[in-house]
file run-v7.cif (mmCIF, C-alpha atoms (C1' of nucleotides))
data_target
loop_
_atom_site.group_PDB
_atom_site.id
_atom_site.type_symbol
_atom_site.label_atom_id
_atom_site.label_comp_id
_atom_site.auth_asym_id
_atom_site.auth_seq_id
_atom_site.Cartn_x
_atom_site.Cartn_y
_atom_site.Cartn_z
ATOM 1 C CA MET V 1 -85.959 -174.893 -112.925
ATOM 2 C CA ARG V 2 -82.941 -173.209 -111.387
ATOM 3 C CA ILE V 3 -81.280 -174.001 -108.104
ATOM 4 C CA GLY V 4 -83.366 -171.648 -105.981
ATOM 5 C CA GLU V 5 -86.636 -173.262 -106.949
ATOM 6 C CA LEU V 6 -85.270 -176.777 -106.479
ATOM 7 C CA ALA V 7 -84.087 -175.716 -103.044
ATOM 8 C CA ARG V 8 -87.552 -174.435 -102.174
ATOM 9 C CA ARG V 9 -89.299 -177.485 -103.537
ATOM 10 C CA THR V 10 -87.054 -179.916 -101.697
ATOM 11 C CA GLY V 11 -86.299 -177.971 -98.562
ATOM 12 C CA VAL V 12 -82.606 -178.567 -99.194
ATOM 13 C CA SER V 13 -80.207 -175.621 -99.200
ATOM 14 C CA GLU V 14 -78.622 -174.415 -102.415
ATOM 15 C CA ARG V 15 -75.243 -175.116 -100.915
ATOM 16 C CA ALA V 16 -76.228 -178.715 -100.298
ATOM 17 C CA LEU V 17 -77.494 -179.081 -103.874
ATOM 18 C CA ARG V 18 -74.168 -177.797 -105.234
ATOM 19 C CA TYR V 19 -72.416 -180.162 -102.864
ATOM 20 C CA TYR V 20 -74.416 -183.118 -104.150
ATOM 21 C CA GLU V 21 -73.400 -182.207 -107.677
ATOM 22 C CA GLU V 22 -69.790 -181.890 -106.549
ATOM 23 C CA GLN V 23 -70.080 -185.433 -105.194
ATOM 24 C CA GLY V 24 -71.550 -186.651 -108.480
ATOM 25 C CA LEU V 25 -75.048 -187.261 -107.117
ATOM 26 C CA LEU V 26 -76.732 -184.728 -109.395
ATOM 27 C CA ARG V 27 -75.899 -183.717 -112.962
ATOM 28 C CA PRO V 28 -77.925 -180.636 -113.873
ATOM 29 C CA GLU V 29 -77.611 -179.024 -117.287
ATOM 30 C CA ARG V 30 -76.034 -175.620 -117.623
ATOM 31 C CA ARG V 31 -77.137 -172.482 -119.328
ATOM 32 C CA PRO V 32 -74.567 -170.452 -121.267
ATOM 33 C CA SER V 33 -74.411 -168.212 -118.220
ATOM 34 C CA GLY V 34 -73.364 -171.142 -116.069
ATOM 35 C CA TYR V 35 -76.708 -171.330 -114.265
ATOM 36 C CA ARG V 36 -77.724 -174.854 -113.309
ATOM 37 C CA VAL V 37 -80.955 -176.122 -114.848
ATOM 38 C CA TYR V 38 -82.778 -178.998 -113.147
ATOM 39 C CA GLY V 39 -85.648 -181.154 -114.330
ATOM 40 C CA ASP V 40 -88.702 -182.234 -112.391
ATOM 41 C CA ALA V 41 -87.131 -185.649 -111.859
ATOM 42 C CA ASP V 42 -84.427 -183.998 -109.781
ATOM 43 C CA VAL V 43 -86.948 -183.229 -107.061
ATOM 44 C CA ALA V 44 -87.389 -186.962 -106.539
ATOM 45 C CA ALA V 45 -83.655 -187.514 -106.931
ATOM 46 C CA VAL V 46 -82.945 -185.131 -104.088
ATOM 47 C CA ARG V 47 -85.501 -186.951 -101.984
ATOM 48 C CA ARG V 48 -83.747 -190.236 -102.642
ATOM 49 C CA ILE V 49 -80.433 -188.710 -101.642
ATOM 50 C CA ARG V 50 -81.882 -187.356 -98.446
ATOM 51 C CA VAL V 51 -83.456 -190.667 -97.523
ATOM 52 C CA LEU V 52 -80.155 -192.451 -97.987
ATOM 53 C CA LEU V 53 -78.251 -189.784 -96.071
ATOM 54 C CA ALA V 54 -80.795 -190.147 -93.283
ATOM 55 C CA ALA V 55 -80.139 -193.879 -93.437
ATOM 56 C CA GLY V 56 -76.571 -193.128 -92.478
ATOM 57 C CA LEU V 57 -74.938 -193.616 -95.885
ATOM 58 C CA SER V 58 -72.115 -191.348 -96.970
ATOM 59 C CA THR V 59 -72.288 -189.460 -100.252
ATOM 60 C CA ALA V 60 -69.663 -191.850 -101.646
ATOM 61 C CA GLN V 61 -71.832 -194.847 -100.761
ATOM 62 C CA ILE V 62 -74.895 -193.156 -102.179
ATOM 63 C CA LEU V 63 -73.027 -192.539 -105.421
ATOM 64 C CA GLU V 64 -72.486 -196.281 -105.699
ATOM 65 C CA VAL V 65 -75.988 -197.352 -104.814
ATOM 66 C CA LEU V 66 -77.974 -194.669 -106.672
ATOM 67 C CA PRO V 67 -77.902 -196.522 -110.023
ATOM 68 C CA CYS V 68 -79.331 -199.554 -108.224
ATOM 69 C CA ILE V 69 -82.268 -197.763 -106.696
ATOM 70 C CA VAL V 70 -85.693 -197.855 -108.247
ATOM 71 C CA ASP V 71 -87.918 -195.048 -107.127
ATOM 72 C CA ASP V 72 -91.343 -196.613 -107.163
ATOM 73 C CA ASP V 73 -93.638 -193.736 -106.421
ATOM 74 C CA GLY V 74 -91.672 -192.523 -103.448
ATOM 75 C CA LEU V 75 -90.849 -195.993 -102.250
ATOM 76 C CA LEU V 76 -87.207 -196.848 -102.729
ATOM 77 C CA THR V 77 -86.467 -200.345 -103.919
ATOM 78 C CA PRO V 78 -83.059 -201.939 -104.428
ATOM 79 C CA ALA V 79 -82.470 -203.365 -107.899
ATOM 80 C CA CYS V 80 -79.086 -205.055 -107.377
ATOM 81 C CA PRO V 81 -78.238 -207.858 -104.962
ATOM 82 C CA GLU V 82 -74.856 -206.369 -104.046
ATOM 83 C CA LEU V 83 -76.664 -203.217 -103.064
ATOM 84 C CA VAL V 84 -78.756 -205.213 -100.650
ATOM 85 C CA ASP V 85 -75.568 -206.597 -99.137
ATOM 86 C CA GLU V 86 -74.242 -203.090 -98.711
ATOM 87 C CA LEU V 87 -77.430 -201.924 -97.058
ATOM 88 C CA VAL V 88 -77.459 -204.907 -94.738
ATOM 89 C CA LYS V 89 -73.899 -204.121 -93.693
ATOM 90 C CA GLN V 90 -74.872 -200.551 -93.060
ATOM 91 C CA ARG V 91 -77.844 -201.677 -91.014
ATOM 92 C CA ASP V 92 -75.572 -203.893 -88.940
ATOM 93 C CA ARG V 93 -73.159 -201.031 -88.383
ATOM 94 C CA ILE V 94 -76.037 -198.953 -87.099
ATOM 95 C CA GLY V 95 -77.016 -201.825 -84.843
ATOM 96 C CA GLU V 96 -73.537 -201.836 -83.371
ATOM 97 C CA ALA V 97 -73.675 -198.103 -82.825
ATOM 98 C CA ILE V 98 -76.966 -198.548 -81.000
ATOM 99 C CA SER V 99 -75.458 -201.233 -78.796
ATOM 100 C CA GLU V 100 -72.542 -198.988 -77.915
ATOM 101 C CA LEU V 101 -74.851 -196.160 -77.007
ATOM 102 C CA GLU V 102 -76.936 -198.474 -74.864
ATOM 103 C CA THR V 103 -73.816 -199.571 -73.030
ATOM 104 C CA THR V 104 -72.873 -195.945 -72.585
ATOM 105 C CA ARG V 105 -76.311 -195.158 -71.234
ATOM 106 C CA ALA V 106 -76.083 -198.047 -68.804
ATOM 107 C CA ASN V 107 -72.728 -196.723 -67.580
ATOM 108 C CA LEU V 108 -74.258 -193.333 -67.051
ATOM 109 C CA ASN V 109 -77.124 -194.839 -65.121
ATOM 110 C CA THR V 110 -74.685 -196.635 -62.871
ATOM 111 C CA ILE V 111 -72.971 -193.358 -62.096
ATOM 112 C CA ILE V 112 -76.268 -191.559 -61.578
ATOM 113 C CA ALA V 113 -77.526 -194.207 -59.226
ATOM 114 C CA GLY V 114 -74.184 -194.139 -57.452
ATOM 115 C CA GLN V 115 -74.710 -197.588 -56.153
ATOM 116 C CA ARG V 116 -72.252 -200.381 -55.554
ATOM 117 C CA SER V 117 -72.139 -203.328 -57.869
ATOM 118 C CA MET Y 1 -43.900 -191.080 -62.888
ATOM 119 C CA ARG Y 2 -43.474 -189.476 -66.288
ATOM 120 C CA ILE Y 3 -45.890 -189.456 -69.162
ATOM 121 C CA GLY Y 4 -44.663 -192.658 -70.798
ATOM 122 C CA GLU Y 5 -45.302 -194.769 -67.739
ATOM 123 C CA LEU Y 6 -48.702 -193.219 -67.141
ATOM 124 C CA ALA Y 7 -49.550 -193.979 -70.740
ATOM 125 C CA ARG Y 8 -48.541 -197.610 -70.277
ATOM 126 C CA ARG Y 9 -50.360 -197.951 -66.982
ATOM 127 C CA THR Y 10 -53.578 -196.477 -68.340
ATOM 128 C CA GLY Y 11 -53.466 -197.643 -71.921
ATOM 129 C CA VAL Y 12 -54.020 -194.048 -73.000
ATOM 130 C CA SER Y 13 -51.688 -192.444 -75.548
ATOM 131 C CA GLU Y 14 -49.244 -189.751 -74.528
ATOM 132 C CA ARG Y 15 -50.897 -187.424 -76.972
ATOM 133 C CA ALA Y 16 -54.228 -187.965 -75.263
ATOM 134 C CA LEU Y 17 -52.709 -187.304 -71.833
ATOM 135 C CA ARG Y 18 -51.243 -184.024 -73.051
ATOM 136 C CA TYR Y 19 -54.597 -183.215 -74.566
ATOM 137 C CA TYR Y 20 -56.357 -183.852 -71.265
ATOM 138 C CA GLU Y 21 -53.970 -181.469 -69.566
ATOM 139 C CA GLU Y 22 -54.567 -178.908 -72.304
ATOM 140 C CA GLN Y 23 -58.273 -179.184 -71.537
ATOM 141 C CA GLY Y 24 -57.627 -178.724 -67.820
ATOM 142 C CA LEU Y 25 -58.492 -182.287 -66.840
ATOM 143 C CA LEU Y 26 -55.036 -183.122 -65.513
ATOM 144 C CA ARG Y 27 -52.530 -180.866 -63.745
ATOM 145 C CA PRO Y 28 -49.228 -182.723 -63.490
ATOM 146 C CA GLU Y 29 -46.220 -181.110 -61.818
ATOM 147 C CA ARG Y 30 -43.269 -180.097 -63.927
ATOM 148 C CA ARG Y 31 -39.596 -180.714 -63.598
ATOM 149 C CA PRO Y 32 -37.213 -177.864 -64.370
ATOM 150 C CA SER Y 33 -36.696 -179.551 -67.725
ATOM 151 C CA GLY Y 34 -40.397 -179.259 -68.452
ATOM 152 C CA TYR Y 35 -41.060 -182.975 -68.078
ATOM 153 C CA ARG Y 36 -44.472 -183.749 -66.660
ATOM 154 C CA VAL Y 37 -44.528 -185.616 -63.360
ATOM 155 C CA TYR Y 38 -47.658 -187.529 -62.418
ATOM 156 C CA GLY Y 39 -48.680 -189.108 -59.109
ATOM 157 C CA ASP Y 40 -50.272 -192.474 -58.560
ATOM 158 C CA ALA Y 41 -53.626 -190.785 -58.142
ATOM 159 C CA ASP Y 42 -53.468 -189.699 -61.767
ATOM 160 C CA VAL Y 43 -53.872 -193.287 -62.891
ATOM 161 C CA ALA Y 44 -57.318 -193.306 -61.335
ATOM 162 C CA ALA Y 45 -57.955 -189.790 -62.620
ATOM 163 C CA VAL Y 46 -57.327 -190.902 -66.176
ATOM 164 C CA ARG Y 47 -59.679 -193.825 -65.620
ATOM 165 C CA ARG Y 48 -62.394 -191.419 -64.486
ATOM 166 C CA ILE Y 49 -61.867 -189.263 -67.539
ATOM 167 C CA ARG Y 50 -62.115 -192.262 -69.833
ATOM 168 C CA VAL Y 51 -65.288 -193.499 -68.193
ATOM 169 C CA LEU Y 52 -66.909 -190.105 -68.636
ATOM 170 C CA LEU Y 53 -65.714 -189.805 -72.230
ATOM 171 C CA ALA Y 54 -67.136 -193.253 -72.880
ATOM 172 C CA ALA Y 55 -70.365 -191.989 -71.345
ATOM 173 C CA GLY Y 56 -70.514 -189.442 -74.133
ATOM 174 C CA LEU Y 57 -69.444 -186.369 -72.182
ATOM 175 C CA SER Y 58 -67.206 -183.783 -73.833
ATOM 176 C CA THR Y 59 -63.968 -182.714 -72.189
ATOM 177 C CA ALA Y 60 -65.601 -179.387 -71.355
ATOM 178 C CA GLN Y 61 -68.420 -181.169 -69.540
ATOM 179 C CA ILE Y 62 -65.975 -183.459 -67.785
ATOM 180 C CA LEU Y 63 -64.049 -180.431 -66.611
ATOM 181 C CA GLU Y 64 -67.191 -179.184 -64.912
ATOM 182 C CA VAL Y 65 -68.225 -182.442 -63.330
ATOM 183 C CA LEU Y 66 -64.830 -183.777 -62.259
ATOM 184 C CA PRO Y 67 -64.800 -181.839 -58.951
ATOM 185 C CA CYS Y 68 -68.159 -183.419 -58.148
ATOM 186 C CA ILE Y 69 -67.082 -186.992 -58.668
ATOM 187 C CA VAL Y 70 -66.107 -189.237 -55.820
ATOM 188 C CA ASP Y 71 -64.006 -192.174 -56.871
ATOM 189 C CA ASP Y 72 -65.011 -194.854 -54.439
ATOM 190 C CA ASP Y 73 -62.691 -197.688 -55.208
ATOM 191 C CA GLY Y 74 -63.286 -197.615 -58.933
ATOM 192 C CA LEU Y 75 -66.953 -196.850 -58.597
ATOM 193 C CA LEU Y 76 -67.804 -193.297 -59.619
ATOM 194 C CA THR Y 77 -70.309 -191.523 -57.471
ATOM 195 C CA PRO Y 78 -71.752 -188.056 -58.021
ATOM 196 C CA ALA Y 79 -71.336 -185.704 -55.081
ATOM 197 C CA CYS Y 80 -73.370 -182.722 -56.286
ATOM 198 C CA PRO Y 81 -77.056 -182.617 -57.187
ATOM 199 C CA GLU Y 82 -76.495 -180.342 -60.213
ATOM 200 C CA LEU Y 83 -74.077 -182.911 -61.529
ATOM 201 C CA VAL Y 84 -76.807 -185.509 -61.367
ATOM 202 C CA ASP Y 85 -79.017 -183.193 -63.385
ATOM 203 C CA GLU Y 86 -76.300 -182.846 -65.970
ATOM 204 C CA LEU Y 87 -75.796 -186.578 -66.192
ATOM 205 C CA VAL Y 88 -79.515 -187.173 -66.530
ATOM 206 C CA LYS Y 89 -79.642 -184.678 -69.389
ATOM 207 C CA GLN Y 90 -76.753 -186.445 -71.043
ATOM 208 C CA ARG Y 91 -78.464 -189.785 -70.602
ATOM 209 C CA ASP Y 92 -81.584 -188.390 -72.223
ATOM 210 C CA ARG Y 93 -79.549 -187.030 -75.121
ATOM 211 C CA ILE Y 94 -78.108 -190.473 -75.622
ATOM 212 C CA GLY Y 95 -81.614 -191.879 -75.540
ATOM 213 C CA GLU Y 96 -82.611 -189.502 -78.307
ATOM 214 C CA ALA Y 97 -79.586 -190.514 -80.343
ATOM 215 C CA ILE Y 98 -80.580 -194.146 -79.919
ATOM 216 C CA SER Y 99 -84.104 -193.370 -81.079
ATOM 217 C CA GLU Y 100 -82.794 -191.602 -84.158
ATOM 218 C CA LEU Y 101 -80.570 -194.527 -85.017
ATOM 219 C CA GLU Y 102 -83.452 -196.924 -84.553
ATOM 220 C CA THR Y 103 -85.545 -194.839 -86.926
ATOM 221 C CA THR Y 104 -82.676 -194.847 -89.379
ATOM 222 C CA ARG Y 105 -82.370 -198.604 -89.086
ATOM 223 C CA ALA Y 106 -86.076 -199.002 -89.659
ATOM 224 C CA ASN Y 107 -85.805 -196.860 -92.805
ATOM 225 C CA LEU Y 108 -82.981 -199.037 -94.029
ATOM 226 C CA ASN Y 109 -85.008 -202.149 -93.366
ATOM 227 C CA THR Y 110 -87.861 -200.741 -95.386
ATOM 228 C CA ILE Y 111 -85.541 -200.178 -98.322
ATOM 229 C CA ILE Y 112 -83.950 -203.597 -97.927
ATOM 230 C CA ALA Y 113 -87.295 -205.321 -97.837
ATOM 231 C CA GLY Y 114 -88.381 -203.222 -100.799
ATOM 232 C CA GLN Y 115 -91.979 -203.747 -99.934
ATOM 233 C CA ARG Y 116 -94.920 -201.427 -100.209
ATOM 234 C CA SER Y 117 -96.384 -199.808 -97.147
ATOM 235 C "C1'" DC E 1 -82.941 -148.745 -118.054
ATOM 236 C "C1'" DT E 2 -82.432 -149.908 -113.437
ATOM 237 C "C1'" DA E 3 -82.521 -152.258 -109.374
ATOM 238 C "C1'" DA E 4 -83.611 -156.299 -107.009
ATOM 239 C "C1'" DA E 5 -83.313 -161.037 -107.209
ATOM 240 C "C1'" DC E 6 -80.862 -164.602 -108.559
ATOM 241 C "C1'" DC E 7 -76.906 -167.032 -109.814
ATOM 242 C "C1'" DT E 8 -71.709 -168.251 -110.306
ATOM 243 C "C1'" DT E 9 -67.000 -169.965 -108.422
ATOM 244 C "C1'" DC E 10 -63.662 -170.059 -104.884
ATOM 245 C "C1'" DA E 11 -62.310 -171.141 -100.383
ATOM 246 C "C1'" DC E 12 -62.118 -171.076 -95.403
ATOM 247 C "C1'" DG E 13 -64.804 -172.462 -90.993
ATOM 248 C "C1'" DT E 14 -67.233 -175.965 -88.233
ATOM 249 C "C1'" DC E 15 -66.935 -179.825 -84.421
ATOM 250 C "C1'" DG E 16 -63.622 -182.999 -81.169
ATOM 251 C "C1'" DG E 17 -60.446 -186.022 -79.677
ATOM 252 C "C1'" DC E 18 -56.859 -187.034 -80.692
ATOM 253 C "C1'" DG E 19 -52.774 -189.028 -84.693
ATOM 254 C "C1'" DT E 20 -48.627 -187.809 -86.490
ATOM 255 C "C1'" DC E 21 -44.938 -185.638 -87.872
ATOM 256 C "C1'" DA E 22 -40.762 -182.016 -87.079
ATOM 257 C "C1'" DG E 23 -37.181 -180.082 -84.618
ATOM 258 C "C1'" DA E 24 -35.026 -179.913 -80.313
ATOM 259 C "C1'" DG E 25 -33.893 -180.664 -75.391
ATOM 260 C "C1'" DT E 26 -33.170 -184.278 -71.210
ATOM 261 C "C1'" DC E 27 -31.598 -188.101 -68.807
ATOM 262 C "C1'" DA E 28 -29.681 -192.634 -67.462
ATOM 263 C "C1'" DA E 29 -26.569 -196.326 -68.559
ATOM 264 C "C1'" DG E 30 -22.168 -198.078 -70.366
ATOM 265 C "C1'" DC T 1 -18.601 -188.891 -73.502
ATOM 266 C "C1'" DT T 2 -21.886 -190.998 -76.110
ATOM 267 C "C1'" DT T 3 -25.733 -193.303 -77.393
ATOM 268 C "C1'" DG T 4 -30.375 -194.156 -77.339
ATOM 269 C "C1'" DA T 5 -34.604 -193.861 -74.978
ATOM 270 C "C1'" DC T 6 -37.563 -190.448 -73.412
ATOM 271 C "C1'" DT T 7 -39.822 -185.996 -73.420
ATOM 272 C "C1'" DC T 8 -40.919 -181.235 -74.899
ATOM 273 C "C1'" DT T 9 -43.648 -177.639 -77.789
ATOM 274 C "C1'" DG T 10 -45.916 -176.380 -81.786
ATOM 275 C "C1'" DA T 11 -48.835 -177.206 -85.557
ATOM 276 C "C1'" DC T 12 -51.179 -179.441 -89.423
ATOM 277 C "C1'" DG T 13 -54.322 -183.569 -90.597
ATOM 278 C "C1'" DC T 14 -58.612 -185.966 -90.050
ATOM 279 C "C1'" DC T 15 -63.659 -186.961 -90.947
ATOM 280 C "C1'" DG T 16 -68.157 -185.044 -93.584
ATOM 281 C "C1'" DA T 17 -71.821 -182.480 -94.954
ATOM 282 C "C1'" DC T 18 -72.413 -178.664 -95.536
ATOM 283 C "C1'" DG T 19 -72.525 -172.924 -93.535
ATOM 284 C "C1'" DT T 20 -70.993 -168.660 -94.695
ATOM 285 C "C1'" DG T 21 -69.120 -164.934 -96.664
ATOM 286 C "C1'" DA T 22 -66.582 -162.537 -100.841
ATOM 287 C "C1'" DA T 23 -66.495 -160.726 -105.293
ATOM 288 C "C1'" DG T 24 -68.584 -160.719 -109.250
ATOM 289 C "C1'" DG T 25 -71.915 -161.928 -113.490
ATOM 290 C "C1'" DT T 26 -77.244 -162.775 -115.124
ATOM 291 C "C1'" DT T 27 -82.017 -162.325 -115.388
ATOM 292 C "C1'" DT T 28 -86.327 -160.210 -114.986
ATOM 293 C "C1'" DA T 29 -90.000 -157.270 -113.350
ATOM 294 C "C1'" DG T 30 -91.510 -152.611 -113.668
#
call {"tool": "encode", "arguments": {"input": "run-v7.cif", "output": "structure tokens"}}
result
Amino acid sequence: MRIGELARRTGVSERALRYYEEQGLLRPERRPSGYRVYGDADVAAVRRIRVLLAAGLSTAQILEVLPCIVDDDGLLTPACPELVDELVKQRDRIGEAISELETTRANLNTIIAGQRS
Amino acid sequence: MRIGELARRTGVSERALRYYEEQGLLRPERRPSGYRVYGDADVAAVRRIRVLLAAGLSTAQILEVLPCIVDDDGLLTPACPELVDELVKQRDRIGEAISELETTRANLNTIIAGQRS
DNA sequence: CTAAACCTTCACGTCGGCGTCAGAGTCAAG
DNA sequence: CTTGACTCTGACGCCGACGTGAAGGTTTAG
């Protein structure tokens, strides 16, 4: 299929699909005209990318971890121990971000309440 | 005092102080030479700005709410009801951001565990 | 054959709170 | 007077995942 159909089937914009290729996350074939040609497997590949992006990974990180991911019927499974380490670090970073936001929210509540400590 | 001293007394960079002025958050006097001259009150003003930035407000939002803030000995208190509304909205936005991050973290945990649903 | 879809490669714009030069003027102390 | 610390105004850089044209080829239905 060409880029338009992949975009429709994944709900991801054509621009994003070209961007993923630019970042090395997708490697579609090319027709003589230059048109990108994707296989059915790329639909799942795009899903994997989106899941990892939604997990807060950058495209560079995804590029590293993609070869270590097993797509077991829609369920992503890590196949390398160092990948697990990376994901754990990422999870911890997210945890820190959550803590910061909770602190921020508490500060806001203090201001809203306008009460003395 | 001039900008260097204010920077030292607040721990905020000179660049940031100039930026705050650019955004209308500070209005220091000027010497004929163009040097900015700040008063003692500006130390507290910068503290207010930092607290609000840390609360996730943009400089544009801070510009709106600053006139409504009473600085009661380091404790910020809202003086206008519409400001309270604004702060509540901001708090809710932060709550949503926290929820999203928690979802993200849960997704990551699912991948890390690599277990079937 | 023609026109509408569809596709291509640039390449700049976005958002925000600054960091970081560059080039030049100001001021206080010795 | 001179030196060196201090300050000024631009103005580009950053981070990241794309959005959004522009200008032009390709494919396909009718």
call {"tool": "residues_around", "arguments": {"input": "run-v7.cif", "residues": "Ser58 of chain Y", "least_positions_apart": "4", "cutoff": "12 Å", "atoms": "all atoms listed in the file", "output": "NGL selection string"}}
result
(:Y and (20 or 23 or 25 or 49-54 or 62-66 or 87 or 90)) or (:E and (15-17))
call {"tool": "calpha_fit_and_write", "arguments": {"input": "run-v7.cif", "fixed": "chain V", "moving": "chain Y", "output": "compact mmCIF listing (two decimals) with C-alpha atoms, in the frame of the given file"}}
result
# COMPACT_ATOMS: atom_id res chain seq x y z
CA MET Y 1 -85.93 -174.95 -112.91
CA ARG Y 2 -82.93 -173.27 -111.33
CA ILE Y 3 -81.31 -174.04 -108.04
CA GLY Y 4 -83.42 -171.68 -105.93
CA GLU Y 5 -86.67 -173.31 -106.92
CA LEU Y 6 -85.30 -176.80 -106.44
CA ALA Y 7 -84.15 -175.75 -103.00
CA ARG Y 8 -87.62 -174.49 -102.15
CA ARG Y 9 -89.34 -177.54 -103.56
CA THR Y 10 -87.11 -179.96 -101.68
CA GLY Y 11 -86.40 -178.00 -98.53
CA VAL Y 12 -82.70 -178.58 -99.13
CA SER Y 13 -80.29 -175.63 -99.11
CA GLU Y 14 -78.66 -174.42 -102.29
CA ARG Y 15 -75.30 -175.11 -100.76
CA ALA Y 16 -76.29 -178.72 -100.16
CA LEU Y 17 -77.51 -179.09 -103.75
CA ARG Y 18 -74.20 -177.79 -105.08
CA TYR Y 19 -72.46 -180.14 -102.70
CA TYR Y 20 -74.45 -183.10 -104.01
CA GLU Y 21 -73.41 -182.20 -107.53
CA GLU Y 22 -69.80 -181.88 -106.39
CA GLN Y 23 -70.07 -185.41 -105.04
CA GLY Y 24 -71.53 -186.65 -108.33
CA LEU Y 25 -75.02 -187.27 -106.99
CA LEU Y 26 -76.71 -184.74 -109.26
CA ARG Y 27 -75.83 -183.75 -112.83
CA PRO Y 28 -77.87 -180.69 -113.75
CA GLU Y 29 -77.55 -179.11 -117.20
CA ARG Y 30 -75.93 -175.73 -117.53
CA ARG Y 31 -76.96 -172.58 -119.26
CA PRO Y 32 -74.33 -170.62 -121.16
CA SER Y 33 -74.22 -168.34 -118.14
CA GLY Y 34 -73.28 -171.27 -115.94
CA TYR Y 35 -76.63 -171.41 -114.18
CA ARG Y 36 -77.68 -174.91 -113.22
CA VAL Y 37 -80.89 -176.18 -114.78
CA TYR Y 38 -82.72 -179.02 -113.08
CA GLY Y 39 -85.60 -181.19 -114.32
CA ASP Y 40 -88.65 -182.27 -112.40
CA ALA Y 41 -87.07 -185.66 -111.87
CA ASP Y 42 -84.39 -184.03 -109.75
CA VAL Y 43 -86.93 -183.26 -107.06
CA ALA Y 44 -87.39 -186.98 -106.54
CA ALA Y 45 -83.64 -187.52 -106.91
CA VAL Y 46 -82.95 -185.14 -104.06
CA ARG Y 47 -85.55 -186.96 -101.98
CA ARG Y 48 -83.75 -190.25 -102.62
CA ILE Y 49 -80.45 -188.73 -101.61
CA ARG Y 50 -81.93 -187.39 -98.39
CA VAL Y 51 -83.51 -190.71 -97.51
CA LEU Y 52 -80.19 -192.47 -97.97
CA LEU Y 53 -78.30 -189.82 -96.01
CA ALA Y 54 -80.86 -190.18 -93.24
CA ALA Y 55 -80.20 -193.92 -93.41
CA GLY Y 56 -76.62 -193.17 -92.45
CA LEU Y 57 -74.99 -193.65 -95.84
CA SER Y 58 -72.15 -191.37 -96.89
CA THR Y 59 -72.31 -189.49 -100.17
CA ALA Y 60 -69.66 -191.84 -101.54
CA GLN Y 61 -71.83 -194.84 -100.70
CA ILE Y 62 -74.90 -193.15 -102.13
CA LEU Y 63 -73.01 -192.52 -105.33
CA GLU Y 64 -72.45 -196.25 -105.65
CA VAL Y 65 -75.96 -197.34 -104.82
CA LEU Y 66 -77.95 -194.67 -106.64
CA PRO Y 67 -77.86 -196.49 -110.01
CA CYS Y 68 -79.32 -199.53 -108.25
CA ILE Y 69 -82.27 -197.76 -106.73
CA VAL Y 70 -85.69 -197.86 -108.28
CA ASP Y 71 -87.94 -195.06 -107.15
CA ASP Y 72 -91.35 -196.62 -107.23
CA ASP Y 73 -93.66 -193.78 -106.47
CA GLY Y 74 -91.75 -192.58 -103.45
CA LEU Y 75 -90.91 -196.05 -102.28
CA LEU Y 76 -87.24 -196.91 -102.75
CA THR Y 77 -86.50 -200.38 -103.96
CA PRO Y 78 -83.08 -201.95 -104.46
CA ALA Y 79 -82.49 -203.34 -107.93
CA CYS Y 80 -79.13 -205.04 -107.43
CA PRO Y 81 -78.26 -207.85 -105.03
CA GLU Y 82 -74.87 -206.34 -104.11
CA LEU Y 83 -76.69 -203.20 -103.11
CA VAL Y 84 -78.78 -205.22 -100.71
CA ASP Y 85 -75.59 -206.59 -99.21
CA GLU Y 86 -74.29 -203.08 -98.77
CA LEU Y 87 -77.48 -201.93 -97.12
CA VAL Y 88 -77.49 -204.91 -94.79
CA LYS Y 89 -73.93 -204.10 -93.76
CA GLN Y 90 -74.93 -200.53 -93.11
CA ARG Y 91 -77.90 -201.67 -91.07
CA ASP Y 92 -75.61 -203.87 -89.00
CA ARG Y 93 -73.21 -200.98 -88.46
CA ILE Y 94 -76.10 -198.92 -87.19
CA GLY Y 95 -77.04 -201.78 -84.91
CA GLU Y 96 -73.55 -201.76 -83.47
CA ALA Y 97 -73.72 -198.01 -82.95
CA ILE Y 98 -77.00 -198.48 -81.10
CA SER Y 99 -75.44 -201.13 -78.90
CA GLU Y 100 -72.53 -198.86 -78.06
CA LEU Y 101 -74.87 -196.04 -77.14
CA GLU Y 102 -76.92 -198.37 -74.99
CA THR Y 103 -73.76 -199.44 -73.18
CA THR Y 104 -72.85 -195.80 -72.74
CA ARG Y 105 -76.29 -195.05 -71.36
CA ALA Y 106 -76.02 -197.94 -68.96
CA ASN Y 107 -72.66 -196.60 -67.75
CA LEU Y 108 -74.22 -193.22 -67.20
CA ASN Y 109 -77.07 -194.78 -65.27
CA THR Y 110 -74.60 -196.56 -63.04
CA ILE Y 111 -72.91 -193.27 -62.24
CA ILE Y 112 -76.22 -191.50 -61.72
CA ALA Y 113 -77.46 -194.17 -59.37
CA GLY Y 114 -74.10 -194.09 -57.62
CA GLN Y 115 -74.64 -197.54 -56.28
CA ARG Y 116 -72.22 -200.35 -55.73
CA SER Y 117 -72.15 -203.31 -58.04
call {"tool": "closest_atom_pairs", "arguments": {"input": "run-v7.cif", "of": "chain Y", "to": "chain E", "cutoff": "9 Å", "atoms": "all atoms listed in the file", "output": "Markdown table"}}
result
| residue | atom | partner | partner_atom | distance |
| --- | --- | --- | --- | --- |
| Y:Arg15 | CA | E:DC18 | C1' | 7.0 |
| Y:Ala16 | CA | E:DC18 | C1' | 6.1 |
| Y:Tyr19 | CA | E:DC18 | C1' | 7.6 |
| Y:Ser33 | CA | E:DT26 | C1' | 6.8 |
| Y:Tyr35 | CA | E:DT26 | C1' | 8.6 |
| Y:Ser58 | CA | E:DG16 | C1' | 8.2 |
| Y:Thr59 | CA | E:DG17 | C1' | 8.9 |
call {"tool": "resolve_selection", "arguments": {"input": "run-v7.cif", "expression": "the PyMOL selection byres ((chain Y) within 12 of (chain V))", "output": "PyMOL selection string"}}
result
chain Y and resi 48+50-57+65+68-117
